[in-house]
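> Please find one structure pasted underneath; my questions will follow.
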2 protein chains.
Amino acid sequence: MTVKIGLVGTGTVGGGCIELLKKHTADYKSRYGLDLQLARVCSKEPAQAEEHSVADIFTEEYTDIVNDPEIDIVIELVGGTTIAKKIVCEALEAGKHVVTANKALLATYGEEIEALAAKNGCKLYYEASVGGGIPIIGPLKHSLNASEITSILGIVNGTTNYMLTRMASDGMDYDDVLAEAQAKGYAEADPTADVDGLDAAAKIAIMASIAFNTRVTIDQVACEGIRSITPADLAAAKDMGYCVKLLAVANRTDAGIEVRVHPAMVPVDHPLATVDGVFNAIYVVGDFIGPTMYFGQGAGSDPTASAVIGDVLELVGHIQAGTGALPGNTYTDNLPLVSTDDLVTRAYIRFQVVERPGVLAAMSAVFAKHEVSVHSVIQRGVGTEEADTVELVYVTHSAREADLRATLDDIAKLENVLVGPEPTLIRVIK
Amino acid sequence: MTVKIGLVGTGTVGGGCIELLKKHTADYKSRYGLDLQLARVCSKEPAQAEEHSVADIFTEEYTDIVNDPEIDIVIELVGGTTIAKKIVCEALEAGKHVVTANKALLATYGEEIEALAAKNGCKLYYEASVGGGIPIIGPLKHSLNASEITSILGIVNGTTNYMLTRMASDGMDYDDVLAEAQAKGYAEADPTADVDGLDAAAKIAIMASIAFNTRVTIDQVACEGIRSITPADLAAAKDMGYCVKLLAVANRTDAGIEVRVHPAMVPVDHPLATVDGVFNAIYVVGDFIGPTMYFGQGAGSDPTASAVIGDVLELVGHIQAGTGALPGNTYTDNLPLVSTDDLVTRAYIRFQVVERPGVLAAMSAVFAKHEVSVHSVIQRGVGTEEADTVELVYVTHSAREADLRATLDDIAKLENVLVGPEPTLIRVIK
């Protein structure tokens, strides 16, 4: 069976797809009887087409692809939510199947786009949108769906995981490690999407939607990044038997679903604790299946291209088998989202205080007032110029987010408590 | 859509399936529009049927299921390769789709059974046959298949992983930890299938067949178990920065494919090193996708049942979509198997020797004679009654299996070298 593919986007992942198809097209033909033909390639960068030797099938107009009746599958690797949306929607309207790695698009307009695909009898595959090469969308949609998924904890942003790993292992501070990550090409010149957790928020919105059969969009994800994390926090975490990871979290609770992104203290014996550097991992717990984890390279040209072409192969397998639209998620459970104020977690909170009689008592009174129960408090020496400044590290029992925030606000007003740009609060994962 | 299921086998996994269906059938109906009806249950244990409250649909004759024209899908959870084979083949011949967790059956008669399924236009799913609840067959067949898989390293037997973990952490010896594992129900009264690596061999045969698109059967797997591993080996491993795991290994090399099971030294910073106790994990490397890992509970009622019913859901999804037989693996690459003699690995070898002048020189000469290059040799004190007996631990560079074996045989003949029931040789994974 011959299938013609139109590829839009020739950057990192698009280039990887071209190279992968060059290397393995003959294998797919001999193994599966599938002849994948890259019929047309589009981008705004003719030089990239030259680089990958596809100038003969290159165009700068995506309409040359979506309007070409010969093309069966459109791969969208442009990214973003503007032109990418036009490409995907016009391809579906033209009756073409679509494979995309575009997390922002799916986490924003997933409902509209999936409805359009269904209306046109087309398939929309997006394994590469979460975790790069790691197969996670497939397992969540199949296999794992026999269980009721109760929790997802994901390290799904390689940039911030690299930064936190470097800060923890080498004591570098945030600004230095960000500069290094930018120099190495791991972080963008504008690092906002990574360091503020927005990239992770899109990915957990996509995973939570499937796992809970309930639409979750990126704007519904409570999101905190890693800008306020200091080497002191990482050192304190280590001493307490934790490491700090930026986690994308989705939990099913009696009150509804929690979907959020924030730095978290992860116990060193947790499977996620050893996931270092640019690697990603997603830890999924279900009622029957128990805990499972999926680990691999969460970004990069080759791994992500492997996931994209894996989708193409599965899609073509279904076309070859004469399948109509496979029944997919219906997103009909419509579980309520727990409000940020009502999120319940344990918390690590670090304050700098001037060592004076009564400071600890005053702080303890604030915790008590807001009914936040303290599990431990440890004084840690610090290397400031003021000899009488120390750090107090609190770990609380489970508490409501609103109560934790109120506690922080009130303690910040106390005499002899020094507060940075924002108080350091890191959730603690059991 | 209504689908009628016949279940054969009401033991650990079968019981889990019954309970899972009881809990989640309504969810599948509301989420996916699939009405899974457990129509008939068969086993030789009526008491188990009573226990799970399915006495009304119980039969002791599997023919009541395979001959029932109403039944669409047969779940085979009997195990073994005799009656299970009859059940699976008769079900397929009657035009029923089959879901099974039977690794021995697939690793022995996979080719015959898959051909029978294809001939009858039926599907055969077996996610639960490897890694219990861990989705690994699905990712290998889809998603990962865009890359060329170069290596699989699996901890796929929970019994032996539990035993090795206990031996390493608590210094217990093999016999004591086996007795404990049997008392806890982790090991069978006859532990052969687990401790001699046969269970793992079936699983790697199945995975290698898919990953290399080449039929590999259980009898082609070079197989060594853990009986000769001692606490001394685990202590030496720890000191050298390794842990010992029973690994199922499949490698693609220029000379062909290597498929084997043996204990291995795994570096402590390898993702597999932290997989302890009864957990399983499979580490898969592909040319584009790079390293990935899949972790979870490799056995047990609930996780395995989750994988079985996950297969049923996917199967029903395909039936509902009107799919014919999906194109599956063709196993047509027919890669040659590298003979055991030609396997190339680094090796850890431990000897007990009587401390006499010339012993080390004599041993070194044997290594040199067989062209086995020694990376390090360390003398370790031991607590034997003979004060002049010491242990010598060699780690070699990469060497051929046949040369390693010849070295061991020749050294065993040397004066002042004491040899146990078999010399301790453990492969070292990079």
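Chain labels A, B, ... are given in the sequence in which chains occur in the structure tokens; within each chain residues are numbered consecutively from 1, and ligands are likewise numbered from 1 in the order shown.
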Using only C-alpha atoms and a distance of at most 6 Å, pull out the residues of chain B that contact chain A, as a PDB file with N, CA and C atoms, in the first residue's frame.

```pdb
ATOM      1  N   GLY B 133       1.354  -5.825  34.031  1.00  0.00           N
ATOM      2  CA  GLY B 133       0.565  -4.651  33.669  1.00  0.00           C
ATOM      3  C   GLY B 133       1.286  -3.644  32.796  1.00  0.00           C
ATOM      4  N   SER B 143       4.317   2.744  17.695  1.00  0.00           N
ATOM      5  CA  SER B 143       5.183   3.787  18.267  1.00  0.00           C
ATOM      6  C   SER B 143       6.684   3.516  18.132  1.00  0.00           C
ATOM      7  N   ALA B 146       8.872   2.725  14.557  1.00  0.00           N
ATOM      8  CA  ALA B 146       9.423   3.656  13.570  1.00  0.00           C
ATOM      9  C   ALA B 146      10.946   3.636  13.630  1.00  0.00           C
ATOM     10  N   SER B 147      11.494   3.380  14.811  1.00  0.00           N
ATOM     11  CA  SER B 147      12.939   3.248  14.976  1.00  0.00           C
ATOM     12  C   SER B 147      13.354   1.808  14.710  1.00  0.00           C
ATOM     13  N   PHE B 288      16.590   5.892  16.355  1.00  0.00           N
ATOM     14  CA  PHE B 288      16.147   7.284  16.421  1.00  0.00           C
ATOM     15  C   PHE B 288      15.612   7.632  17.801  1.00  0.00           C
ATOM     16  N   ILE B 289      14.907   6.701  18.420  1.00  0.00           N
ATOM     17  CA  ILE B 289      14.233   7.042  19.682  1.00  0.00           C
ATOM     18  C   ILE B 289      15.207   7.116  20.855  1.00  0.00           C
ATOM     19  N   PRO B 291      17.305   5.768  24.182  1.00  0.00           N
ATOM     20  CA  PRO B 291      16.902   4.885  25.276  1.00  0.00           C
ATOM     21  C   PRO B 291      15.531   5.246  25.842  1.00  0.00           C
ATOM     22  N   THR B 292      14.725   4.217  26.104  1.00  0.00           N
ATOM     23  CA  THR B 292      13.429   4.415  26.762  1.00  0.00           C
ATOM     24  C   THR B 292      13.284   3.315  27.803  1.00  0.00           C
ATOM     25  N   MET B 293      12.409   3.520  28.785  1.00  0.00           N
ATOM     26  CA  MET B 293      12.193   2.458  29.770  1.00  0.00           C
ATOM     27  C   MET B 293      10.732   2.433  30.208  1.00  0.00           C
ATOM     28  N   TYR B 294      10.245   1.216  30.502  1.00  0.00           N
ATOM     29  CA  TYR B 294       8.864   0.955  30.891  1.00  0.00           C
ATOM     30  C   TYR B 294       8.900   0.197  32.202  1.00  0.00           C
ATOM     31  N   PHE B 295       8.219   0.746  33.225  1.00  0.00           N
ATOM     32  CA  PHE B 295       8.360   0.255  34.593  1.00  0.00           C
ATOM     33  C   PHE B 295       6.988  -0.021  35.197  1.00  0.00           C
ATOM     34  N   GLY B 296       6.877  -1.051  36.008  1.00  0.00           N
ATOM     35  CA  GLY B 296       5.615  -1.313  36.688  1.00  0.00           C
ATOM     36  C   GLY B 296       5.609  -2.666  37.366  1.00  0.00           C
ATOM     37  N   ASP B 302      -4.187  -7.921  39.901  1.00  0.00           N
ATOM     38  CA  ASP B 302      -4.782  -6.695  39.381  1.00  0.00           C
ATOM     39  C   ASP B 302      -4.019  -6.096  38.199  1.00  0.00           C
ATOM     40  N   PRO B 303      -2.689  -5.932  38.291  1.00  0.00           N
ATOM     41  CA  PRO B 303      -1.994  -5.324  37.142  1.00  0.00           C
ATOM     42  C   PRO B 303      -2.124  -6.165  35.881  1.00  0.00           C
ATOM     43  N   SER B 306      -5.465  -5.857  34.366  1.00  0.00           N
ATOM     44  CA  SER B 306      -5.605  -4.557  33.704  1.00  0.00           C
ATOM     45  C   SER B 306      -5.070  -4.623  32.277  1.00  0.00           C
ATOM     46  N   ALA B 307      -3.935  -5.323  32.095  1.00  0.00           N
ATOM     47  CA  ALA B 307      -3.382  -5.474  30.745  1.00  0.00           C
ATOM     48  C   ALA B 307      -4.291  -6.339  29.864  1.00  0.00           C
ATOM     49  N   ILE B 309      -7.605  -6.822  30.106  1.00  0.00           N
ATOM     50  CA  ILE B 309      -8.838  -6.104  29.730  1.00  0.00           C
ATOM     51  C   ILE B 309      -8.509  -4.903  28.838  1.00  0.00           C
ATOM     52  N   GLY B 310      -7.311  -4.331  28.997  1.00  0.00           N
ATOM     53  CA  GLY B 310      -6.862  -3.297  28.052  1.00  0.00           C
ATOM     54  C   GLY B 310      -6.822  -3.835  26.630  1.00  0.00           C
ATOM     55  N   ALA B 321     -14.968  -0.412  14.976  1.00  0.00           N
ATOM     56  CA  ALA B 321     -14.608   0.452  13.848  1.00  0.00           C
ATOM     57  C   ALA B 321     -14.682  -0.299  12.519  1.00  0.00           C
ATOM     58  N   GLY B 322     -14.995  -1.583  12.595  1.00  0.00           N
ATOM     59  CA  GLY B 322     -15.139  -2.354  11.361  1.00  0.00           C
ATOM     60  C   GLY B 322     -13.820  -2.718  10.716  1.00  0.00           C
ATOM     61  N   THR B 323     -12.811  -2.884  11.534  1.00  0.00           N
ATOM     62  CA  THR B 323     -11.492  -3.212  11.008  1.00  0.00           C
ATOM     63  C   THR B 323     -11.403  -4.678  10.643  1.00  0.00           C
ATOM     64  N   GLY B 324     -10.789  -4.962   9.512  1.00  0.00           N
ATOM     65  CA  GLY B 324     -10.361  -6.328   9.255  1.00  0.00           C
ATOM     66  C   GLY B 324      -9.133  -6.580  10.097  1.00  0.00           C
ATOM     67  N   LEU B 326      -5.748  -6.139  11.351  1.00  0.00           N
ATOM     68  CA  LEU B 326      -4.742  -5.094  11.217  1.00  0.00           C
ATOM     69  C   LEU B 326      -3.448  -5.730  10.761  1.00  0.00           C
TER      70      LEU B 326
END
```
> Pull the strand (DSSP E) assignments for region 221-406 of chain A out of DSSP run on the backbone, and list those residues as a ChimeraX atom specification.
/A:222-223,242-253,256-267,279-286,290-297,344-354,374-380,389-396,399-400
> Keeping C-alpha atoms for every residue in the selection just given, could you write it to a file as a PDB file, in the first residue's frame?

```pdb
ATOM      1  CA  ALA A 222      -2.568  25.914  37.965  1.00  0.00           C
ATOM      2  CA  CYS A 223       1.009  26.676  37.023  1.00  0.00           C
ATOM      3  CA  TYR A 242      14.319  14.565  48.600  1.00  0.00           C
ATOM      4  CA  CYS A 243      15.215  15.959  45.223  1.00  0.00           C
ATOM      5  CA  VAL A 244      13.395  18.848  43.553  1.00  0.00           C
ATOM      6  CA  LYS A 245      11.665  18.281  40.211  1.00  0.00           C
ATOM      7  CA  LEU A 246       9.281  20.416  38.185  1.00  0.00           C
ATOM      8  CA  LEU A 247       6.261  18.113  38.162  1.00  0.00           C
ATOM      9  CA  ALA A 248       3.195  18.096  35.979  1.00  0.00           C
ATOM     10  CA  VAL A 249       0.517  16.637  38.238  1.00  0.00           C
ATOM     11  CA  ALA A 250      -2.954  15.268  37.578  1.00  0.00           C
ATOM     12  CA  ASN A 251      -4.873  13.648  40.421  1.00  0.00           C
ATOM     13  CA  ARG A 252      -8.342  12.166  40.638  1.00  0.00           C
ATOM     14  CA  THR A 253      -9.857  13.012  44.031  1.00  0.00           C
ATOM     15  CA  GLY A 256     -12.799  16.295  41.353  1.00  0.00           C
ATOM     16  CA  ILE A 257      -9.582  16.425  39.393  1.00  0.00           C
ATOM     17  CA  GLU A 258      -6.478  18.420  40.224  1.00  0.00           C
ATOM     18  CA  VAL A 259      -4.301  19.475  37.299  1.00  0.00           C
ATOM     19  CA  ARG A 260      -1.231  21.561  38.049  1.00  0.00           C
ATOM     20  CA  VAL A 261       2.451  22.219  37.423  1.00  0.00           C
ATOM     21  CA  HIS A 262       4.874  23.186  40.170  1.00  0.00           C
ATOM     22  CA  PRO A 263       8.254  22.335  41.643  1.00  0.00           C
ATOM     23  CA  ALA A 264       7.977  19.422  44.062  1.00  0.00           C
ATOM     24  CA  MET A 265      10.072  17.596  46.617  1.00  0.00           C
ATOM     25  CA  VAL A 266      10.277  13.989  45.392  1.00  0.00           C
ATOM     26  CA  PRO A 267      11.577  11.304  47.798  1.00  0.00           C
ATOM     27  CA  PHE A 279      15.391  12.972  30.257  1.00  0.00           C
ATOM     28  CA  ASN A 280      11.643  12.900  30.805  1.00  0.00           C
ATOM     29  CA  ALA A 281       9.484  10.386  32.631  1.00  0.00           C
ATOM     30  CA  ILE A 282       5.790  10.005  33.309  1.00  0.00           C
ATOM     31  CA  TYR A 283       4.616   8.093  36.389  1.00  0.00           C
ATOM     32  CA  VAL A 284       1.046   6.850  36.017  1.00  0.00           C
ATOM     33  CA  VAL A 285      -0.981   5.118  38.740  1.00  0.00           C
ATOM     34  CA  GLY A 286      -4.233   3.271  38.095  1.00  0.00           C
ATOM     35  CA  GLY A 290      -0.856   0.122  40.144  1.00  0.00           C
ATOM     36  CA  PRO A 291       2.197   2.327  39.546  1.00  0.00           C
ATOM     37  CA  THR A 292       3.859   2.385  36.119  1.00  0.00           C
ATOM     38  CA  MET A 293       6.496   4.667  34.611  1.00  0.00           C
ATOM     39  CA  TYR A 294       7.586   5.639  31.082  1.00  0.00           C
ATOM     40  CA  PHE A 295      11.077   7.044  30.616  1.00  0.00           C
ATOM     41  CA  GLY A 296      13.055   8.422  27.676  1.00  0.00           C
ATOM     42  CA  GLN A 297      14.228  11.457  25.767  1.00  0.00           C
ATOM     43  CA  VAL A 344      -4.191  19.734  49.332  1.00  0.00           C
ATOM     44  CA  THR A 345      -0.465  18.991  49.593  1.00  0.00           C
ATOM     45  CA  ARG A 346       2.322  18.782  52.069  1.00  0.00           C
ATOM     46  CA  ALA A 347       4.677  21.751  51.740  1.00  0.00           C
ATOM     47  CA  TYR A 348       8.285  22.721  52.256  1.00  0.00           C
ATOM     48  CA  ILE A 349       8.607  26.406  53.161  1.00  0.00           C
ATOM     49  CA  ARG A 350      11.870  28.240  53.670  1.00  0.00           C
ATOM     50  CA  PHE A 351      12.169  31.596  55.466  1.00  0.00           C
ATOM     51  CA  GLN A 352      15.153  33.773  56.268  1.00  0.00           C
ATOM     52  CA  VAL A 353      14.795  35.231  59.729  1.00  0.00           C
ATOM     53  CA  VAL A 354      16.876  37.408  62.014  1.00  0.00           C
ATOM     54  CA  VAL A 374       3.867  21.487  61.046  1.00  0.00           C
ATOM     55  CA  HIS A 375       5.657  18.170  60.586  1.00  0.00           C
ATOM     56  CA  SER A 376       9.170  19.480  61.177  1.00  0.00           C
ATOM     57  CA  VAL A 377      11.132  22.699  61.453  1.00  0.00           C
ATOM     58  CA  ILE A 378      14.879  22.820  61.023  1.00  0.00           C
ATOM     59  CA  GLN A 379      17.240  25.751  61.418  1.00  0.00           C
ATOM     60  CA  ARG A 380      19.938  25.871  58.744  1.00  0.00           C
ATOM     61  CA  THR A 389      20.409  35.680  59.935  1.00  0.00           C
ATOM     62  CA  VAL A 390      19.432  32.023  59.747  1.00  0.00           C
ATOM     63  CA  GLU A 391      17.144  29.952  57.586  1.00  0.00           C
ATOM     64  CA  LEU A 392      14.142  28.121  58.942  1.00  0.00           C
ATOM     65  CA  VAL A 393      12.873  25.214  56.885  1.00  0.00           C
ATOM     66  CA  TYR A 394       9.342  24.034  57.628  1.00  0.00           C
ATOM     67  CA  VAL A 395       7.745  20.877  56.325  1.00  0.00           C
ATOM     68  CA  THR A 396       3.991  20.777  56.881  1.00  0.00           C
ATOM     69  CA  ALA A 399      -2.793  21.446  54.054  1.00  0.00           C
ATOM     70  CA  ARG A 400      -5.053  23.450  51.752  1.00  0.00           C
TER      71      ARG A 400
END
```
> With only C-alpha atoms as the counted atoms, please give the residues lying no more than 6 Å from Thr217 (chain A), apart from itself and same-chain residues fewer than 5 positions off, as a PyMOL selection string.
chain A and resi 107-108+205
> Which residues are close to Thr2 (chain A), i.e. within 7 Å by only C-alpha atoms, leaving aside same-chain residues fewer than 2 positions away? Reply as JSON, numbers by chain.
{"A": [4, 34, 35, 36]}
